[in-house]
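Engineer: Quick one: the structure is below, and I'll ask about it shortly.
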Amino acid sequence: MLVNTCIKHRVRRRMNVLFALVVVATGWLNAAAVRADPGEAFPRAEAASVGMDPAALESLGSVVRGFVERDEIVGAEVMVIKNRRLVYDEGFGFRDREEHEPMGTGGIFCIRSMTKTFVGTAIQMLIDDGKLSLDDTAAKWLPSFDNDKSRAITVRQLLTHTSGLALSELLGHSFDEFGSVRALADISGRSGPEHPVGEFHYSDQGADTLTAIIEAVTGAPAERFIETRVIDALGMTDTVCVLKKDDPRRTRACSLYLGTRGAWSRAARPSETGGIFPFFLGSQGMYSTPMDYARLLAIWSDGAGRGGGEGGARLMSQNAIRRGLTPVSPRVLQETNLAALSLWYAQLWMVYVNQMLGGDGMPTMGDVVAFGHNGSDGTYAWSFPGRDLMVLYFTQSRGQTTGPMFERGIQKILLDGDVTWRPERDEQAAGAGGAMKLDDYTGFFEPEDGGPYRVFYVHDGKLTIDIPAEYCGPLSPDPEKDCFALDAAPAVKVRFNRDEAGRVVAAKLARGPNENVWVRFTPPPPPALPSIDEVVKAYMAAHHSEALTRMKTLKLTGTIDIPARKLSGKVVARYRFPSFARIDVDYGARQETTVIRQGRMWRAAAGQPVREAVGGEREHAILMMPWALYGDWRESIPELTVVRRAEFDGKHLLSVRAVPKEAFPSRRLIDLSTGLLASVDTSLMLPGLGTVGVGTSFSDFREVGASGGEPGAKLPFKTEVEFSAPMLGTVTTKFEAAEPGVELGDELFEEPKPKSNKPTSE
């Protein structure tokens, strides 16, 4: 599909060093006594009464206010609880921006993966009850697991993301294709592990399988057990497993926004429609408030598992808490901004442990300093039991990257007590006296052993790294001279080397013991390399770009295949040049439509509301349309640089860097033997996954629209799109037929209607 993107040969290299940014985590434990009255979990109190500086809390709030002002999030609620007293609770931005509804406090958020902690709590209760064992196999409770591939998977492995099951069978499907969490779990049982059993691989499928096991053990829906034994027992009046359209609480539900900084689009409005999940998903389905979620944190923080204070009923045993919070696997692809701590995973909890480990390097319960979890729609929670401190930061901005920065604020402001800190201050301090002028570090760099270039450039006032087809994201100055840390993974450092004259000549990217060295280079000017004007002229001539305008319309039909998601189907792409497109994909039980109309863009998928794309997502898609991709790049891309000649797989290539207005920069490779476009490498912001490298390779070029002795446009009939995130894998589109000049009415390019899950026919 011409709108798709990805490329095999460069994405596969060095992907596992840096860039699986699917989630940013939270923290945990020792033990603190319950101090709240049984009837009220967290009475309000002045900060000074519990030994906190009010200025520190206001400073933490100002960090979030800055996120809103810079449009890094749409809205958020921040809550701080100290000694079981509520000392700070403020809302920022909007609960619904289009309706001008301020966030305020008490908003209900979709907590996504934080749902897993409720499922983990329920499993620990069933173990306490003697109804379940950590070493029970899933096959004992679910017949779909009783096969050679899945029979050995245990409850323990499901709790610790070491079962080998896929991230999610929902990717590429809609919720109502399954009908129940049991149906989703049964797919995992029949499919078997996707990864080696025993290795950590974050898995929604594991949590959904545990949800199905709860149902099998109790003989009732899992949500009924969780509502009775956890939600009701803790007095959580605003927590719901399935938010239905007639639930009166829905009026306080926050609208969901997708996108990135400066480009947010409203994707769901549960205050009117209810939640987006038709049945309870233990991996991601719950809605809650910061206040309610703090009640769950509290019973795990106490070490006694009691609800409602010391006089409350015991929900879990101390052994259950010890089991749930004992570190099992290091989160090697996630980092923390909490000093001297490293992030591990326990049993459906994320835990922060003291890095000063002895012996075999495996932490114990005694090494755990903090715990918590996060959700991919933008919710975060931390508990520091030794300080009797809980911090909650809930947003509804899916795709935001502020979690690590807020965590940095916790460290700087609440733990270190630097009440003057704000995100910009470190950069200003680092730049004082010219020690770290960002322009010193900008430019092109290439690996010592050769290979694709990297670029450092300034975007929105921050140094940004761009590794085409792998990752693109901002860095923040490190206390070490000439050193920066990746915002999304603070343990990943970039150190710059200078020569005797003080010029930056190399960069070293380091993560733990691994180090990559990149040497600075400058693209030579013409005539060593052709000018961008010469490149565009030759490129358009090779593709016969003028034929696109001559044919006016084009319809392409073919097939699409996504092996990693076990999806295949038919694709129909219709174009009316130069500004209209409609692409329909039919997987049989699921249909998807993308419409582009004179600079606007909509996406529709079965079982989901129609969404208008904005910002970088919209611009990227338009730039991948035939009229932009094979036309005059200078008309749609403000910055184009001819970087160098390169050789790969026996092909001689010309590399051009393209920097659009809002989308991520891309590397475009032209095959010098044919003059045709070989590939486009870039990054995309994908909700729930963060910034993901994506590359596109084009092949099987054919002439389309030849007429009156004039040649047709040379267009690729095969496109391979490879994502750096393994769970997305490769998307291959093959067109089989082309019909230039067909009649395409205006109605095709109207905003699409919501999709059903019934198969359609062309």
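By order of appearance in the structure tokens: chains A, B, ..., then residues from 1 within every chain, and ligands from 1 in the order shown.
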Please provide as an MDAnalysis selection string all residues within 7 Å of range 180-197 of chain A, with the sequence filter that same-chain residues fewer than 3 positions apart are discarded (counting only C-alpha atoms).
Structural biologist: chainID A and resid 144:145 149:150 162:166 205 208:209 212 279:281
Engineer: Write the residues of the preceding selection, restricted to C-alpha atoms, as a compact mmCIF listing (two decimals), in the first residue's frame.
Structural biologist:
# COMPACT_ATOMS: atom_id res chain seq x y z
CA SER A 144 -7.19 -24.46 25.06
CA PHE A 145 -3.73 -24.60 26.70
CA LYS A 149 2.94 -25.81 22.71
CA SER A 150 1.19 -24.37 25.78
CA THR A 162 7.81 -14.89 31.20
CA SER A 163 5.20 -17.16 29.59
CA GLY A 164 6.41 -16.35 26.08
CA LEU A 165 2.92 -15.32 24.96
CA ALA A 166 2.53 -12.53 22.41
CA GLN A 205 -2.08 -11.86 26.52
CA ASP A 208 -5.90 -11.68 29.81
CA THR A 209 -5.17 -15.38 30.28
CA ALA A 212 -9.82 -16.15 32.15
CA PHE A 279 -16.07 -6.77 27.88
CA PHE A 280 -13.60 -6.89 30.75
CA LEU A 281 -9.98 -7.09 29.65
Engineer: So that I can check the surroundings of His544 in chain A, please list as a JSON list (two decimals) with N, CA, C and O atoms, in the first residue's frame every protein, DNA and RNA residue that reaches within 10 Å of it, counting only C-alpha atoms and ignoring chain neighbours fewer than 4 positions away.
Structural biologist:
[["chain", "number", "residue", "atom", "x", "y", "z"],
["A", 538, "ALA", "N", 15.92, 14.90, -12.03],
["A", 538, "ALA", "CA", 16.23, 13.57, -12.54],
["A", 538, "ALA", "C", 15.28, 12.51, -11.99],
["A", 538, "ALA", "O", 14.86, 11.59, -12.71],
["A", 539, "TYR", "N", 14.94, 12.66, -10.72],
["A", 539, "TYR", "CA", 14.05, 11.70, -10.06],
["A", 539, "TYR", "C", 12.65, 11.73, -10.68],
["A", 539, "TYR", "O", 12.06, 10.68, -10.98],
["A", 540, "MET", "N", 12.12, 12.92, -10.90],
["A", 540, "MET", "CA", 10.80, 13.04, -11.49],
["A", 540, "MET", "C", 10.79, 12.53, -12.93],
["A", 540, "MET", "O", 9.81, 11.92, -13.39],
["A", 548, "LEU", "N", 1.08, 11.29, -13.66],
["A", 548, "LEU", "CA", 0.09, 11.26, -12.59],
["A", 548, "LEU", "C", -0.97, 12.33, -12.81],
["A", 548, "LEU", "O", -2.17, 12.09, -12.64],
["A", 630, "TYR", "N", 6.21, 10.87, -5.55],
["A", 630, "TYR", "CA", 6.84, 10.82, -6.87],
["A", 630, "TYR", "C", 6.76, 12.15, -7.61],
["A", 630, "TYR", "O", 7.10, 12.23, -8.79],
["A", 631, "GLY", "N", 6.30, 13.17, -6.90],
["A", 631, "GLY", "CA", 6.25, 14.50, -7.48],
["A", 631, "GLY", "C", 7.43, 15.35, -7.04],
["A", 631, "GLY", "O", 8.48, 14.83, -6.67],
["A", 703, "GLU", "N", 4.92, 0.63, -15.35],
["A", 703, "GLU", "CA", 4.36, 1.86, -15.92],
["A", 703, "GLU", "C", 2.85, 1.81, -15.85],
["A", 703, "GLU", "O", 2.22, 0.81, -16.18],
["A", 704, "VAL", "N", 2.26, 2.93, -15.40],
["A", 704, "VAL", "CA", 0.81, 3.04, -15.28],
["A", 704, "VAL", "C", 0.37, 4.33, -15.96],
["A", 704, "VAL", "O", 0.91, 5.40, -15.70],
["A", 706, "ALA", "N", 0.16, 5.02, -19.44],
["A", 706, "ALA", "CA", 0.74, 5.43, -20.72],
["A", 706, "ALA", "C", -0.39, 5.79, -21.68],
["A", 706, "ALA", "O", -1.42, 5.12, -21.75],
["A", 710, "GLU", "N", 2.88, 8.85, -24.83],
["A", 710, "GLU", "CA", 3.53, 9.35, -23.62],
["A", 710, "GLU", "C", 3.68, 8.20, -22.62],
["A", 710, "GLU", "O", 2.77, 7.39, -22.45],
["A", 711, "PRO", "N", 4.83, 8.10, -21.95],
["A", 711, "PRO", "CA", 5.03, 7.02, -20.98],
["A", 711, "PRO", "C", 4.14, 7.19, -19.76],
["A", 711, "PRO", "O", 3.72, 8.30, -19.42],
["A", 712, "GLY", "N", 3.86, 6.07, -19.09],
["A", 712, "GLY", "CA", 3.09, 6.12, -17.86],
["A", 712, "GLY", "C", 3.99, 6.35, -16.66],
["A", 712, "GLY", "O", 5.22, 6.26, -16.74],
["A", 713, "ALA", "N", 3.37, 6.67, -15.55],
["A", 713, "ALA", "CA", 4.13, 6.87, -14.30],
["A", 713, "ALA", "C", 4.68, 5.54, -13.82],
["A", 713, "ALA", "O", 4.00, 4.51, -13.87],
["A", 714, "LYS", "N", 5.93, 5.53, -13.38],
["A", 714, "LYS", "CA", 6.54, 4.32, -12.84],
["A", 714, "LYS", "C", 6.25, 4.25, -11.35],
["A", 714, "LYS", "O", 6.77, 5.04, -10.56],
["A", 715, "LEU", "N", 5.41, 3.28, -10.97],
["A", 715, "LEU", "CA", 4.98, 3.13, -9.58],
["A", 715, "LEU", "C", 5.32, 1.74, -9.08],
["A", 715, "LEU", "O", 5.29, 0.77, -9.84]]
Engineer: So, with only C-alpha atoms as the atoms that count, which of A:Lys570, A:Arg229, A:Lys753, A:Lys537 lies closest to Lys734 in chain A?
Structural biologist: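 Comparing A:Lys570, A:Arg229, A:Lys753, A:Lys537 against Lys734 in chain A, the winner is A:Lys570.
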Engineer: Determine, counting only C-alpha atoms, which protein, DNA and RNA residues have an atom within 7 Å of an atom of range 255-257 of chain A; residues of the same chain fewer than 4 positions away are not included. Present the result as an mmCIF file with N, CA, C and O atoms, in the first residue's frame.
Structural biologist:
data_model
loop_
_atom_site.group_PDB
_atom_site.id
_atom_site.type_symbol
_atom_site.label_atom_id
_atom_site.label_comp_id
_atom_site.auth_asym_id
_atom_site.auth_seq_id
_atom_site.Cartn_x
_atom_site.Cartn_y
_atom_site.Cartn_z
ATOM 1 N N ARG A 95 -10.257 18.259 30.539
ATOM 2 C CA ARG A 95 -10.835 16.916 30.518
ATOM 3 C C ARG A 95 -11.351 16.627 29.113
ATOM 4 O O ARG A 95 -11.277 15.511 28.633
ATOM 5 N N ASP A 96 -11.893 17.648 28.462
ATOM 6 C CA ASP A 96 -12.278 17.589 27.057
ATOM 7 C C ASP A 96 -11.996 18.954 26.451
ATOM 8 O O ASP A 96 -12.651 19.939 26.787
ATOM 9 N N TRP A 264 -2.742 16.781 18.889
ATOM 10 C CA TRP A 264 -3.651 15.865 19.588
ATOM 11 C C TRP A 264 -5.001 15.820 18.888
ATOM 12 O O TRP A 264 -5.541 16.850 18.499
ATOM 13 N N SER A 265 -5.532 14.610 18.736
ATOM 14 C CA SER A 265 -6.874 14.462 18.189
ATOM 15 C C SER A 265 -7.710 13.624 19.150
ATOM 16 O O SER A 265 -7.218 12.641 19.714
ATOM 17 N N ARG A 266 -8.948 14.041 19.356
ATOM 18 C CA ARG A 266 -9.827 13.316 20.272
ATOM 19 C C ARG A 266 -10.255 12.002 19.627
ATOM 20 O O ARG A 266 -10.869 11.993 18.573
ATOM 21 N N ALA A 267 -9.948 10.896 20.293
ATOM 22 C CA ALA A 267 -10.231 9.570 19.743
ATOM 23 C C ALA A 267 -11.458 8.930 20.361
ATOM 24 O O ALA A 267 -12.065 8.049 19.751
ATOM 25 N N ALA A 268 -11.835 9.317 21.562
ATOM 26 C CA ALA A 268 -13.003 8.730 22.223
ATOM 27 C C ALA A 268 -13.532 9.713 23.253
ATOM 28 O O ALA A 268 -12.766 10.459 23.871
ATOM 29 N N ARG A 269 -14.853 9.698 23.437
ATOM 30 C CA ARG A 269 -15.485 10.549 24.436
ATOM 31 C C ARG A 269 -16.390 9.692 25.315
ATOM 32 O O ARG A 269 -17.611 9.648 25.122
ATOM 33 N N PRO A 270 -15.803 8.959 26.262
ATOM 34 C CA PRO A 270 -16.586 8.025 27.077
ATOM 35 C C PRO A 270 -17.657 8.701 27.923
ATOM 36 O O PRO A 270 -18.580 8.032 28.381
ATOM 37 N N GLN A 396 -4.735 11.797 29.996
ATOM 38 C CA GLN A 396 -5.530 11.028 29.035
ATOM 39 C C GLN A 396 -4.965 11.239 27.637
ATOM 40 O O GLN A 396 -5.659 11.175 26.638
ATOM 41 N N SER A 397 -3.640 11.456 27.547
ATOM 42 C CA SER A 397 -2.971 11.805 26.294
ATOM 43 C C SER A 397 -2.102 10.628 25.861
ATOM 44 O O SER A 397 -0.944 10.509 26.278
ATOM 45 N N ARG A 398 -2.664 9.768 25.041
ATOM 46 C CA ARG A 398 -1.971 8.557 24.600
ATOM 47 C C ARG A 398 -0.950 8.920 23.525
ATOM 48 O O ARG A 398 -1.295 9.430 22.464
#
Engineer: Please list as a ChimeraX atom specification every residue within 10 Å of range 238-243 of chain A, counting only C-alpha atoms and excluding residues in the same chain fewer than 4 positions away.
Structural biologist: /A:106-111,115,118,222-224,226-227,231-232,247-250,252-253,270-271,273-282,284-293
Engineer: At what distance in Å, to one decimal, does CA of Val571 in chain A lie from CA of Leu676 in chain A?
Structural biologist: 23.8 Å
Engineer: Return the single residue from A:Thr154, A:Thr641, A:Ser545, A:Ser568 that is closest to Ala138 in chain A, with distances computed using only C-alpha atoms.
Structural biologist: A:Thr154
Engineer: Run DSSP on the backbone of this structure and report the residues of range 79-326 of chain A it assigns to helix (DSSP H, G or I), as a JSON list (two decimals) with C-alpha atoms, in the first residue's frame.
Structural biologist:
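This is the output file out-v1.json:
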[["chain", "number", "residue", "atom", "x", "y", "z"],
["A", 112, "ARG", "CA", -5.03, 0.66, 30.65],
["A", 113, "SER", "CA", -2.15, -1.56, 31.88],
["A", 114, "MET", "CA", -2.66, -0.49, 35.49],
["A", 115, "THR", "CA", -5.62, -2.90, 35.25],
["A", 116, "LYS", "CA", -3.03, -5.67, 35.51],
["A", 117, "THR", "CA", -2.38, -4.79, 39.15],
["A", 118, "PHE", "CA", -6.03, -5.52, 40.00],
["A", 119, "VAL", "CA", -5.78, -8.89, 38.24],
["A", 120, "GLY", "CA", -2.54, -9.59, 40.11],
["A", 121, "THR", "CA", -4.22, -8.71, 43.39],
["A", 122, "ALA", "CA", -7.11, -11.08, 42.61],
["A", 123, "ILE", "CA", -4.70, -13.92, 41.75],
["A", 124, "GLN", "CA", -2.84, -13.43, 45.05],
["A", 125, "MET", "CA", -6.16, -13.59, 46.90],
["A", 126, "LEU", "CA", -7.07, -16.86, 45.21],
["A", 127, "ILE", "CA", -3.66, -18.26, 46.16],
["A", 128, "ASP", "CA", -4.30, -17.15, 49.75],
["A", 138, "ALA", "CA", -2.90, -22.67, 32.62],
["A", 139, "ALA", "CA", -3.95, -25.95, 31.04],
["A", 140, "LYS", "CA", -5.37, -27.08, 34.40],
["A", 141, "TRP", "CA", -8.03, -24.38, 34.08],
["A", 143, "PRO", "CA", -8.49, -26.60, 27.93],
["A", 144, "SER", "CA", -7.19, -24.46, 25.06],
["A", 145, "PHE", "CA", -3.73, -24.60, 26.70],
["A", 155, "VAL", "CA", 0.44, -19.03, 36.57],
["A", 156, "ARG", "CA", 3.82, -17.83, 37.85],
["A", 157, "GLN", "CA", 5.03, -17.22, 34.29],
["A", 158, "LEU", "CA", 1.84, -15.42, 33.36],
["A", 159, "LEU", "CA", 2.23, -13.11, 36.38],
["A", 175, "PHE", "CA", -12.44, -5.91, 20.64],
["A", 176, "ASP", "CA", -15.82, -7.21, 19.58],
["A", 177, "GLU", "CA", -14.32, -9.77, 17.20],
["A", 181, "VAL", "CA", -11.70, -12.45, 27.50],
["A", 182, "ARG", "CA", -11.95, -16.25, 27.48],
["A", 183, "ALA", "CA", -12.04, -16.25, 23.68],
["A", 184, "LEU", "CA", -8.94, -14.04, 23.63],
["A", 185, "ALA", "CA", -7.13, -16.34, 26.08],
["A", 186, "ASP", "CA", -8.08, -19.41, 24.05],
["A", 187, "ILE", "CA", -6.34, -17.93, 21.00],
["A", 188, "SER", "CA", -3.13, -17.69, 23.04],
["A", 189, "GLY", "CA", -3.48, -21.27, 24.22],
["A", 190, "ARG", "CA", -3.92, -22.61, 20.72],
["A", 191, "SER", "CA", -1.20, -20.38, 19.24],
["A", 204, "ASP", "CA", -1.13, -8.33, 27.53],
["A", 205, "GLN", "CA", -2.08, -11.86, 26.52],
["A", 206, "GLY", "CA", -0.63, -13.16, 29.78],
["A", 207, "ALA", "CA", -2.81, -10.84, 31.87],
["A", 208, "ASP", "CA", -5.90, -11.68, 29.81],
["A", 209, "THR", "CA", -5.17, -15.38, 30.28],
["A", 210, "LEU", "CA", -4.98, -14.84, 34.05],
["A", 211, "THR", "CA", -8.34, -13.07, 33.83],
["A", 212, "ALA", "CA", -9.82, -16.15, 32.15],
["A", 213, "ILE", "CA", -8.27, -18.33, 34.85],
["A", 214, "ILE", "CA", -9.98, -16.22, 37.56],
["A", 215, "GLU", "CA", -13.28, -16.95, 35.82],
["A", 216, "ALA", "CA", -12.52, -20.66, 35.62],
["A", 217, "VAL", "CA", -11.50, -20.88, 39.29],
["A", 218, "THR", "CA", -14.43, -18.86, 40.67],
["A", 222, "ALA", "CA", -13.62, -12.12, 36.67],
["A", 223, "GLU", "CA", -14.96, -8.61, 37.10],
["A", 224, "ARG", "CA", -17.46, -9.86, 39.69],
["A", 225, "PHE", "CA", -14.64, -11.26, 41.84],
["A", 226, "ILE", "CA", -12.56, -8.09, 41.48],
["A", 227, "GLU", "CA", -15.53, -5.83, 42.21],
["A", 228, "THR", "CA", -16.50, -7.77, 45.35],
["A", 229, "ARG", "CA", -13.11, -8.68, 46.80],
["A", 230, "VAL", "CA", -11.09, -5.58, 45.80],
["A", 231, "ILE", "CA", -13.12, -2.61, 44.57],
["A", 248, "PRO", "CA", -23.77, 7.70, 35.59],
["A", 249, "ARG", "CA", -20.06, 7.91, 36.40],
["A", 250, "ARG", "CA", -19.26, 8.19, 32.71],
["A", 251, "THR", "CA", -20.00, 11.95, 32.83],
["A", 252, "ARG", "CA", -16.71, 12.42, 34.69],
["A", 270, "PRO", "CA", -16.59, 8.03, 27.08],
["A", 271, "SER", "CA", -18.61, 10.70, 28.91],
["A", 272, "GLU", "CA", -21.15, 10.21, 26.10],
["A", 273, "THR", "CA", -20.51, 6.76, 24.70],
["A", 290, "PRO", "CA", -6.14, 8.79, 41.20],
["A", 291, "MET", "CA", -7.88, 8.70, 44.61],
["A", 292, "ASP", "CA", -9.26, 5.20, 44.08],
["A", 293, "TYR", "CA", -6.02, 3.83, 42.69],
["A", 294, "ALA", "CA", -4.17, 5.19, 45.72],
["A", 295, "ARG", "CA", -6.33, 2.88, 47.85],
["A", 296, "LEU", "CA", -4.92, -0.12, 45.99],
["A", 297, "LEU", "CA", -1.37, 1.22, 46.36],
["A", 298, "ALA", "CA", -1.98, 1.64, 50.08],
["A", 299, "ILE", "CA", -2.88, -1.98, 50.86],
["A", 300, "TRP", "CA", 0.25, -3.16, 49.05],
["A", 301, "SER", "CA", 2.36, -0.47, 50.71],
["A", 318, "GLN", "CA", 1.85, -10.72, 54.06],
["A", 319, "ASN", "CA", 3.10, -13.64, 51.98],
["A", 320, "ALA", "CA", 0.91, -12.47, 49.11],
["A", 321, "ILE", "CA", 2.49, -9.01, 49.23],
["A", 322, "ARG", "CA", 5.95, -10.52, 49.43],
["A", 323, "ARG", "CA", 5.21, -12.72, 46.41],
["A", 324, "GLY", "CA", 3.75, -9.89, 44.38],
["A", 325, "LEU", "CA", 6.55, -7.42, 45.00]]
Engineer: Just checking: using only C-alpha atoms, which residue out of A:Gly130, A:Pro468, A:Pro477, A:Pro578 ends up closest to Val656 in chain A?
Structural biologist: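 Ranking A:Gly130, A:Pro468, A:Pro477, A:Pro578 by distance to Val656 in chain A, first place goes to A:Pro468.
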Engineer: Could you pull the residues within 7 Å of range 556-566 of chain A, counting only C-alpha atoms, minus those fewer than 3 positions along the same chain, as a VMD selection string?
Structural biologist: chain A and resid 171 to 172 569 to 574 727 to 739
Engineer: Would you save the residues of that selection, restricted to all heavy atoms, as a short mmCIF file (atom, residue, chain, number, x, y, z; two decimals), in the first residue's frame?
Structural biologist:
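Okay, selection_22.cif is ready:
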data_model
loop_
_atom_site.label_atom_id
_atom_site.label_comp_id
_atom_site.auth_asym_id
_atom_site.auth_seq_id
_atom_site.Cartn_x
_atom_site.Cartn_y
_atom_site.Cartn_z
N LEU A 171 -3.94 -6.63 18.47
CA LEU A 171 -3.35 -5.75 17.48
C LEU A 171 -3.83 -6.15 16.09
O LEU A 171 -3.69 -7.30 15.68
CB LEU A 171 -1.82 -5.80 17.55
CG LEU A 171 -1.20 -5.20 18.81
CD1 LEU A 171 0.29 -5.47 18.85
CD2 LEU A 171 -1.47 -3.71 18.88
N GLY A 172 -4.40 -5.19 15.38
CA GLY A 172 -4.93 -5.48 14.07
C GLY A 172 -6.35 -5.99 14.09
O GLY A 172 -6.91 -6.33 13.04
N GLY A 569 -5.33 -9.85 3.78
CA GLY A 569 -6.59 -9.40 3.22
C GLY A 569 -6.39 -8.71 1.90
O GLY A 569 -5.34 -8.81 1.26
N LYS A 570 -7.43 -7.99 1.49
CA LYS A 570 -7.44 -7.28 0.22
C LYS A 570 -7.31 -5.77 0.48
O LYS A 570 -7.79 -5.27 1.49
CB LYS A 570 -8.73 -7.56 -0.54
CG LYS A 570 -8.92 -9.04 -0.90
CD LYS A 570 -10.25 -9.25 -1.61
CE LYS A 570 -10.45 -10.72 -1.94
NZ LYS A 570 -11.76 -10.95 -2.63
N VAL A 571 -6.67 -5.09 -0.47
CA VAL A 571 -6.52 -3.65 -0.35
C VAL A 571 -6.93 -3.00 -1.66
O VAL A 571 -6.61 -3.51 -2.74
CB VAL A 571 -5.06 -3.26 0.03
CG1 VAL A 571 -4.07 -3.77 -0.99
CG2 VAL A 571 -4.93 -1.75 0.18
N VAL A 572 -7.66 -1.91 -1.55
CA VAL A 572 -8.05 -1.11 -2.70
C VAL A 572 -7.64 0.34 -2.42
O VAL A 572 -8.05 0.92 -1.40
CB VAL A 572 -9.57 -1.17 -2.96
CG1 VAL A 572 -9.93 -0.31 -4.17
CG2 VAL A 572 -10.02 -2.60 -3.17
N ALA A 573 -6.80 0.90 -3.31
CA ALA A 573 -6.34 2.28 -3.15
C ALA A 573 -6.86 3.09 -4.32
O ALA A 573 -6.66 2.72 -5.49
CB ALA A 573 -4.82 2.33 -3.09
N ARG A 574 -7.53 4.19 -4.02
CA ARG A 574 -8.06 5.08 -5.06
C ARG A 574 -7.46 6.47 -4.87
O ARG A 574 -7.43 6.99 -3.76
CB ARG A 574 -9.58 5.16 -4.96
CG ARG A 574 -10.30 3.81 -5.10
CD ARG A 574 -11.79 4.02 -4.85
NE ARG A 574 -12.57 2.80 -4.93
CZ ARG A 574 -12.80 1.99 -3.90
NH1 ARG A 574 -12.30 2.29 -2.70
NH2 ARG A 574 -13.54 0.91 -4.06
N MET A 727 6.56 -6.74 17.51
CA MET A 727 5.16 -7.18 17.52
C MET A 727 4.38 -6.68 16.31
O MET A 727 3.29 -7.18 16.02
CB MET A 727 4.48 -6.77 18.82
CG MET A 727 4.23 -5.28 18.98
SD MET A 727 5.73 -4.35 19.37
CE MET A 727 6.19 -5.05 20.96
N LEU A 728 4.92 -5.69 15.59
CA LEU A 728 4.27 -5.22 14.37
C LEU A 728 4.86 -5.87 13.14
O LEU A 728 4.17 -6.09 12.14
CB LEU A 728 4.38 -3.69 14.27
CG LEU A 728 3.74 -2.90 15.40
CD1 LEU A 728 3.97 -1.42 15.20
CD2 LEU A 728 2.26 -3.20 15.49
N GLY A 729 6.17 -6.15 13.19
CA GLY A 729 6.80 -6.90 12.12
C GLY A 729 6.77 -6.20 10.78
O GLY A 729 6.94 -4.99 10.68
N THR A 730 6.54 -6.98 9.73
CA THR A 730 6.57 -6.47 8.36
C THR A 730 5.18 -6.50 7.75
O THR A 730 4.44 -7.45 7.92
CB THR A 730 7.52 -7.33 7.51
OG1 THR A 730 8.82 -7.31 8.07
CG2 THR A 730 7.59 -6.81 6.09
N VAL A 731 4.86 -5.43 7.02
CA VAL A 731 3.60 -5.33 6.28
C VAL A 731 3.95 -5.31 4.80
O VAL A 731 4.67 -4.42 4.34
CB VAL A 731 2.82 -4.07 6.66
CG1 VAL A 731 1.52 -3.99 5.86
CG2 VAL A 731 2.54 -4.02 8.15
N THR A 732 3.48 -6.31 4.06
CA THR A 732 3.78 -6.40 2.63
C THR A 732 2.51 -6.19 1.82
O THR A 732 1.50 -6.87 2.04
CB THR A 732 4.38 -7.77 2.28
OG1 THR A 732 5.56 -7.99 3.05
CG2 THR A 732 4.73 -7.85 0.80
N THR A 733 2.57 -5.25 0.90
CA THR A 733 1.44 -4.98 0.02
C THR A 733 1.87 -5.26 -1.42
O THR A 733 2.92 -4.81 -1.86
CB THR A 733 1.00 -3.51 0.13
OG1 THR A 733 0.64 -3.24 1.48
CG2 THR A 733 -0.19 -3.24 -0.76
N LYS A 734 1.05 -6.01 -2.11
CA LYS A 734 1.30 -6.32 -3.52
C LYS A 734 0.07 -5.93 -4.33
O LYS A 734 -1.01 -6.47 -4.11
CB LYS A 734 1.60 -7.81 -3.71
CG LYS A 734 2.88 -8.28 -3.04
CD LYS A 734 3.09 -9.77 -3.29
CE LYS A 734 4.36 -10.27 -2.61
NZ LYS A 734 4.56 -11.73 -2.83
N PHE A 735 0.26 -5.00 -5.27
CA PHE A 735 -0.83 -4.63 -6.15
C PHE A 735 -0.82 -5.54 -7.37
O PHE A 735 0.24 -5.89 -7.90
CB PHE A 735 -0.73 -3.16 -6.55
CG PHE A 735 -1.04 -2.21 -5.43
CD1 PHE A 735 -0.09 -1.33 -4.96
CD2 PHE A 735 -2.29 -2.22 -4.85
CE1 PHE A 735 -0.38 -0.45 -3.93
CE2 PHE A 735 -2.60 -1.35 -3.81
CZ PHE A 735 -1.64 -0.47 -3.35
N GLU A 736 -2.02 -5.91 -7.80
CA GLU A 736 -2.16 -6.84 -8.91
C GLU A 736 -2.76 -6.20 -10.15
O GLU A 736 -2.59 -6.69 -11.26
CB GLU A 736 -3.02 -8.03 -8.48
CG GLU A 736 -2.40 -8.80 -7.30
CD GLU A 736 -3.42 -9.63 -6.55
OE1 GLU A 736 -4.63 -9.44 -6.80
OE2 GLU A 736 -3.00 -10.44 -5.71
N ALA A 737 -3.52 -5.11 -9.95
CA ALA A 737 -4.18 -4.47 -11.08
C ALA A 737 -4.21 -2.97 -10.89
O ALA A 737 -4.34 -2.47 -9.77
CB ALA A 737 -5.61 -5.00 -11.23
N ALA A 738 -4.07 -2.23 -12.00
CA ALA A 738 -4.11 -0.77 -11.98
C ALA A 738 -5.11 -0.29 -13.02
O ALA A 738 -5.10 -0.77 -14.16
CB ALA A 738 -2.73 -0.19 -12.26
N GLU A 739 -5.96 0.65 -12.64
CA GLU A 739 -6.97 1.21 -13.54
C GLU A 739 -6.86 2.72 -13.53
O GLU A 739 -7.44 3.40 -12.68
CB GLU A 739 -8.37 0.78 -13.11
CG GLU A 739 -8.60 -0.71 -13.05
CD GLU A 739 -9.96 -1.05 -12.49
OE1 GLU A 739 -10.98 -0.70 -13.15
OE2 GLU A 739 -10.01 -1.63 -11.38
#
